[in-house]
file coords02.csv (CSV, C-alpha atoms)
chain,number,residue,atom,x,y,z
J,18,GLU,CA,-15.6,-3.6,-11.7
J,19,VAL,CA,-12.0,-4.1,-10.9
J,20,GLN,CA,-11.4,-7.1,-8.7
J,21,LEU,CA,-8.2,-8.6,-7.3
J,22,VAL,CA,-8.5,-11.9,-5.4
J,23,GLU,CA,-5.5,-13.4,-3.6
J,24,SER,CA,-5.0,-17.0,-2.7
J,25,GLY,CA,-2.4,-19.4,-1.5
J,26,GLY,CA,-1.7,-18.2,2.0
J,27,GLY,CA,-1.4,-20.3,5.1
J,28,LEU,CA,0.9,-21.6,7.8
J,29,VAL,CA,4.4,-22.5,6.8
J,30,GLN,CA,7.6,-23.5,8.7
J,31,PRO,CA,10.6,-21.2,8.7
J,32,GLY,CA,12.9,-21.9,5.8
J,33,ARG,CA,10.1,-23.3,3.6
J,34,SER,CA,8.4,-21.9,0.5
J,35,LEU,CA,5.0,-20.7,-0.4
J,36,LYS,CA,3.5,-19.2,-3.6
J,37,LEU,CA,0.7,-16.7,-3.6
J,38,SER,CA,-1.6,-16.0,-6.5
J,39,CYS,CA,-3.7,-13.0,-7.4
J,40,ALA,CA,-6.5,-13.3,-10.0
J,41,ALA,CA,-7.4,-10.0,-11.7
J,42,SER,CA,-10.5,-9.0,-13.5
J,43,GLY,CA,-12.4,-5.9,-14.6
J,44,PHE,CA,-9.5,-4.2,-16.4
J,45,THR,CA,-6.8,-5.0,-19.0
J,46,PHE,CA,-4.3,-6.7,-16.8
J,47,SER,CA,-1.5,-6.6,-19.3
J,48,ASN,CA,-1.6,-2.8,-19.4
J,49,TYR,CA,-0.6,-2.3,-15.7
J,50,TYR,CA,2.4,-2.7,-13.5
J,51,MET,CA,1.4,-4.8,-10.5
J,52,ALA,CA,2.7,-5.1,-7.0
J,53,TRP,CA,2.6,-6.9,-3.7
J,54,VAL,CA,2.3,-5.1,-0.4
J,55,ARG,CA,2.3,-6.7,3.0
J,56,GLN,CA,1.2,-5.8,6.5
J,57,ALA,CA,2.5,-7.6,9.6
J,58,PRO,CA,0.0,-8.0,12.4
J,59,LYS,CA,-0.9,-4.7,13.9
J,60,LYS,CA,1.9,-3.0,11.9
J,61,GLY,CA,2.1,-0.7,8.9
J,62,LEU,CA,2.3,-1.3,5.2
J,63,GLU,CA,5.5,-2.5,3.4
J,64,TRP,CA,6.0,-2.6,-0.3
J,65,VAL,CA,7.3,-6.1,-1.3
J,66,ALA,CA,7.6,-6.4,-5.1
J,67,THR,CA,6.6,-4.7,-8.3
J,68,ILE,CA,6.5,-6.1,-11.9
J,69,SER,CA,6.4,-4.4,-15.2
J,70,THR,CA,3.6,-5.0,-17.7
J,71,SER,CA,5.5,-7.6,-19.7
J,72,GLY,CA,7.2,-9.1,-16.7
J,73,SER,CA,10.6,-8.3,-17.9
J,74,ARG,CA,11.4,-5.9,-15.1
J,75,THR,CA,11.0,-6.7,-11.4
J,76,TYR,CA,11.8,-4.6,-8.3
J,77,TYR,CA,12.2,-5.6,-4.6
J,78,PRO,CA,13.2,-4.0,-1.3
J,79,ASP,CA,16.3,-5.4,0.4
J,80,SER,CA,14.2,-7.2,2.9
J,81,VAL,CA,13.0,-9.8,0.4
J,82,LYS,CA,15.5,-9.5,-2.5
J,83,GLY,CA,16.9,-12.9,-3.4
J,84,ARG,CA,14.1,-14.7,-1.5
J,85,PHE,CA,10.9,-13.6,-3.2
J,86,THR,CA,10.1,-13.6,-6.9
J,87,ILE,CA,7.2,-11.8,-8.5
J,88,SER,CA,5.8,-13.0,-11.8
J,89,ARG,CA,2.7,-12.7,-14.0
J,90,ASP,CA,0.8,-14.5,-16.6
J,91,ASN,CA,-1.0,-11.9,-18.8
J,92,ALA,CA,-2.9,-14.6,-20.6
J,93,LYS,CA,-4.5,-15.6,-17.3
J,94,SER,CA,-4.7,-12.1,-15.8
J,95,SER,CA,-2.8,-13.5,-12.9
J,96,LEU,CA,0.0,-12.3,-10.6
J,97,TYR,CA,2.2,-14.5,-8.4
J,98,LEU,CA,4.6,-14.2,-5.5
J,99,GLN,CA,7.0,-17.0,-4.9
J,100,MET,CA,8.4,-16.8,-1.4
J,101,ASN,CA,11.4,-18.9,-0.5
J,102,SER,CA,13.5,-19.2,2.7
J,103,LEU,CA,10.6,-17.8,4.7
J,104,LYS,CA,11.3,-16.1,8.0
J,105,SER,CA,9.1,-15.4,11.0
J,106,GLU,CA,9.3,-11.7,10.1
J,107,ASP,CA,7.6,-12.5,6.8
J,108,THR,CA,4.4,-13.2,8.7
J,109,ALA,CA,1.9,-10.8,7.4
J,110,THR,CA,-1.2,-10.2,5.3
J,111,TYR,CA,-0.2,-10.0,1.7
J,112,TYR,CA,-2.1,-7.7,-0.7
J,113,CYS,CA,-1.9,-7.6,-4.4
J,114,ALA,CA,-2.4,-4.1,-5.8
J,115,ARG,CA,-2.4,-2.4,-9.2
J,116,HIS,CA,0.8,-0.4,-9.2
J,117,ASN,CA,-1.0,2.7,-10.7
J,118,GLY,CA,-0.7,4.5,-7.3
J,119,TYR,CA,-2.1,1.3,-5.7
J,120,ASP,CA,-5.6,2.4,-6.8
J,121,TYR,CA,-7.0,-1.1,-6.4
J,122,TRP,CA,-6.2,-3.7,-3.8
J,123,GLY,CA,-7.2,-7.2,-3.1
J,124,GLN,CA,-8.7,-8.3,0.2
J,125,GLY,CA,-5.4,-9.8,1.3
J,126,VAL,CA,-4.2,-13.3,2.2
J,127,MET,CA,-2.6,-14.2,5.5
J,128,VAL,CA,0.8,-15.9,5.6
J,129,THR,CA,2.1,-17.2,9.0
J,130,VAL,CA,5.6,-18.4,9.3
J,131,SER,CA,6.0,-20.5,12.4
J,132,SER,CA,7.3,-23.8,13.6
I,10,ASP,CA,16.4,4.9,1.5
I,11,ILE,CA,13.8,7.6,2.0
I,12,GLN,CA,12.1,7.5,5.4
I,13,MET,CA,8.6,8.8,5.9
I,14,THR,CA,7.6,10.1,9.3
I,15,GLN,CA,3.9,10.6,10.2
I,16,SER,CA,2.6,12.6,13.1
I,17,PRO,CA,0.8,12.3,15.3
I,18,SER,CA,0.7,8.5,15.6
I,19,LEU,CA,-2.7,8.8,17.3
I,20,LEU,CA,-5.2,11.6,16.9
I,21,SER,CA,-8.5,12.1,18.7
I,22,ALA,CA,-11.0,14.5,17.3
I,23,SER,CA,-14.7,15.2,17.4
I,24,VAL,CA,-17.3,15.0,14.6
I,25,GLY,CA,-17.2,18.2,12.6
I,26,ASP,CA,-13.6,19.0,13.5
I,27,ARG,CA,-11.0,20.1,10.9
I,28,VAL,CA,-8.3,17.5,11.1
I,29,THR,CA,-4.7,17.8,9.9
I,30,LEU,CA,-2.3,14.9,9.5
I,31,SER,CA,1.4,15.4,8.8
I,32,CYS,CA,3.9,13.4,6.8
I,33,LYS,CA,7.6,14.3,6.5
I,34,ALA,CA,10.1,12.8,4.1
I,35,SER,CA,13.7,12.3,4.9
I,36,GLN,CA,14.7,13.9,1.6
I,37,ASN,CA,13.0,15.8,-1.3
I,38,ILE,CA,10.3,13.8,-2.9
I,39,TYR,CA,8.8,16.7,-5.0
I,40,LYS,CA,5.1,15.8,-5.1
I,41,TYR,CA,5.4,12.1,-5.4
I,42,LEU,CA,3.2,11.3,-2.4
I,43,ASN,CA,-0.1,9.4,-1.9
I,44,TRP,CA,-2.4,9.1,1.0
I,45,TYR,CA,-4.3,5.9,1.9
I,46,GLN,CA,-7.1,5.2,4.4
I,47,GLN,CA,-7.3,1.8,6.1
I,48,LYS,CA,-10.3,0.9,8.1
I,49,LEU,CA,-10.2,-2.0,10.6
I,50,GLY,CA,-10.1,-5.3,8.9
I,51,GLU,CA,-10.1,-3.8,5.4
I,52,ALA,CA,-7.6,-3.3,2.6
I,53,PRO,CA,-6.2,0.2,2.2
I,54,LYS,CA,-8.0,2.7,0.0
I,55,LEU,CA,-6.3,5.3,-2.1
I,56,LEU,CA,-7.5,8.8,-1.1
I,57,ILE,CA,-5.1,11.3,-2.6
I,58,TYR,CA,-2.4,10.8,-5.3
I,59,TYR,CA,0.4,13.1,-6.4
I,60,THR,CA,0.1,15.2,-3.2
I,61,ASN,CA,-3.2,16.9,-4.0
I,62,SER,CA,-5.3,14.9,-6.6
I,63,LEU,CA,-8.5,13.4,-5.2
I,64,GLN,CA,-9.1,9.9,-6.2
I,65,THR,CA,-12.4,9.2,-7.9
I,66,GLY,CA,-15.3,8.6,-5.5
I,67,ILE,CA,-13.5,10.1,-2.5
I,68,PRO,CA,-15.4,12.9,-0.6
I,69,SER,CA,-14.3,16.4,-1.2
I,70,ARG,CA,-13.7,16.9,2.6
I,71,PHE,CA,-10.4,15.2,2.0
I,72,SER,CA,-7.6,17.3,0.6
I,73,GLY,CA,-3.8,17.1,0.4
I,74,SER,CA,-1.0,19.6,0.2
I,75,GLY,CA,2.7,20.1,0.3
I,76,SER,CA,5.8,19.5,-1.7
I,77,GLY,CA,9.5,18.6,-1.1
I,78,THR,CA,9.6,17.1,2.4
I,79,ASP,CA,6.5,18.3,4.2
I,80,PHE,CA,3.0,17.1,3.4
I,81,THR,CA,-0.5,17.3,4.9
I,82,LEU,CA,-3.7,15.5,4.7
I,83,THR,CA,-6.7,17.6,5.8
I,84,ILE,CA,-10.2,16.4,6.6
I,85,SER,CA,-12.3,19.6,6.6
I,86,SER,CA,-15.2,18.2,8.7
I,87,LEU,CA,-14.6,14.9,10.4
I,88,GLN,CA,-17.3,12.3,9.9
I,89,PRO,CA,-17.8,9.1,12.0
I,90,GLU,CA,-16.9,7.0,8.9
I,91,ASP,CA,-13.5,8.6,8.8
I,92,VAL,CA,-12.3,6.6,11.8
I,93,ALA,CA,-9.3,4.7,10.3
I,94,THR,CA,-5.5,4.6,10.0
I,95,TYR,CA,-4.0,6.9,7.4
I,96,TYR,CA,-0.8,6.2,5.6
I,97,CYS,CA,1.4,8.4,3.4
I,98,TYR,CA,3.5,6.8,0.7
I,99,GLN,CA,6.3,8.1,-1.4
I,100,TYR,CA,7.3,6.9,-4.9
I,101,ASN,CA,10.0,9.4,-5.9
I,102,SER,CA,12.8,7.0,-5.1
I,103,GLY,CA,11.9,3.4,-4.2
I,104,TYR,CA,8.5,3.0,-2.5
I,105,THR,CA,8.1,3.8,1.2
I,106,PHE,CA,5.0,4.0,3.5
I,107,GLY,CA,4.8,6.0,6.6
I,108,ALA,CA,4.0,4.2,9.9
I,109,GLY,CA,0.5,5.6,9.9
I,110,THR,CA,-1.7,8.0,11.9
I,111,LYS,CA,-4.6,6.3,13.8
I,112,LEU,CA,-7.6,8.7,13.8
I,113,GLU,CA,-10.3,8.1,16.4
I,114,LEU,CA,-13.4,9.9,17.7
I,115,LYS,CA,-13.1,11.9,20.9
call {"tool": "encode", "arguments": {"input": "coords02.csv", "output": "structure tokens"}}
result
Amino acid sequence: EVQLVESGGGLVQPGRSLKLSCAASGFTFSNYYMAWVRQAPKKGLEWVATISTSGSRTYYPDSVKGRFTISRDNAKSSLYLQMNSLKSEDTATYYCARHNGYDYWGQGVMVTVSS
Amino acid sequence: DIQMTQSPSLLSASVGDRVTLSCKASQNIYKYLNWYQQKLGEAPKLLIYYTNSLQTGIPSRFSGSGSGTDFTLTISSLQPEDVATYYCYQYNSGYTFGAGTKLELK
């Protein structure tokens, strides 16, 4: 059974950093592009980042480019999102998802950016 | 950037109704469109990929159609468990979600 379990969320002050993790199991992690998608409270979904199978290629929307970094450790079947210079508008539930059409999602982890 | 517009934003329907949700792209996305269902407090679930392919395990009452800029998700006979918000998503150029259609029971 495919499982994606996020961790690392919490309350952080504006301008500070936070790193999210996603532990994958039930499939060959190294064979799939992976992604992060977020959802602000009572809002819609927003793609945040995508990473290739080897980690050599990464993709971001303008809203987070230069502040967020997606990475992966295929030996540990783990996905990461380093978030720097956080803003209040980054407050959201962050989901890790298999980029194969987002066919599998984690349960999500909440990030609150507030002073 | 490609914008995705979903309509209506809120839809009320009765059990057994045939329900149609619309999604329009700001430019041609061919058939690179998925549909997701999100129930309250849960992660989204993939329903339809590449416009009209039903994801494994999804009931056959769900179907998708369209191409280019106009797309439709149809539920042939609405069930109580279908109450959710539905999102379309394009992956032809970048990755963009629509704002969602909230489906409730009348």
call {"tool": "closest_residue", "arguments": {"input": "coords02.csv", "among": "J:Ser102, J:Thr67, J:Ser131, J:Asn117", "to": "Gly32 of chain J", "atoms": "only C-alpha atoms"}}
result
J:Ser102
call {"tool": "interface_residues", "arguments": {"input": "coords02.csv", "of": "chain J", "to": "chain I", "cutoff": "8 Å", "atoms": "all atoms listed in the file", "output": "VMD selection string"}}
result
chain J and resid 60 to 64 112 118 to 125
call {"tool": "residues_around", "arguments": {"input": "coords02.csv", "residues": "Thr108 of chain J", "least_positions_apart": "2", "cutoff": "7 Å", "atoms": "all atoms listed in the file", "output": "number ranges by chain"}}
result
J: 57, 105-106, 128-130
call {"tool": "atom_distance", "arguments": {"input": "coords02.csv", "atom1": "atom CA of Ser34 of chain J", "atom2": "atom CA of Ser47 of chain J"}}
result
26.9 Å
call {"tool": "atom_distance", "arguments": {"input": "coords02.csv", "atom1": "atom CA of Lys36 of chain J", "atom2": "atom CA of Pro58 of chain J"}}
result
19.8 Å
call {"tool": "atom_distance", "arguments": {"input": "coords02.csv", "atom1": "atom CA of Ala52 of chain J", "atom2": "atom CA of Ala66 of chain J"}}
result
5.4 Å
call {"tool": "closest_residue", "arguments": {"input": "coords02.csv", "among": "J:Leu37, J:Lys82, J:Val65, J:Arg89", "to": "Tyr49 of chain J", "atoms": "all atoms listed in the file"}}
result
J:Arg89
call {"tool": "closest_residue", "arguments": {"input": "coords02.csv", "among": "J:Arg115, J:Arg33, J:Ser69, J:Val126", "to": "Phe85 of chain J", "atoms": "all atoms listed in the file"}}
result
J:Arg33
call {"tool": "residues_near_point", "arguments": {"input": "coords02.csv", "point": "(-7.4, -16.6, -2.2)", "cutoff": "8 Å", "atoms": "only C-alpha atoms", "output": "list in words"}}
result
Val22, Glu23, Ser24, Gly25, Gly26, Ser38, Cys39, Gly125 and Val126 of chain J
call {"tool": "closest_residue", "arguments": {"input": "coords02.csv", "among": "J:Ser95, J:Thr110, J:Gln20, J:Ser88", "to": "Val54 of chain J", "atoms": "all atoms listed in the file"}}
result
J:Thr110
call {"tool": "closest_residue", "arguments": {"input": "coords02.csv", "among": "J:Ile87, J:Ile68, J:Ala41, J:Val19", "to": "Asn101 of chain J", "atoms": "only C-alpha atoms"}}
result
J:Ile87
call {"tool": "residues_near_point", "arguments": {"input": "coords02.csv", "point": "(-17.6, 18.7, 10.7)", "cutoff": "8 Å", "atoms": "all atoms listed in the file", "output": "ChimeraX atom specification"}}
result
/I:24-27,85-88
call {"tool": "residues_around", "arguments": {"input": "coords02.csv", "residues": "Ile84 of chain I", "least_positions_apart": "4", "cutoff": "6 Å", "atoms": "all atoms listed in the file", "output": "list of chain:residue names"}}
result
I:Arg27, I:Val28, I:Arg70, I:Phe71
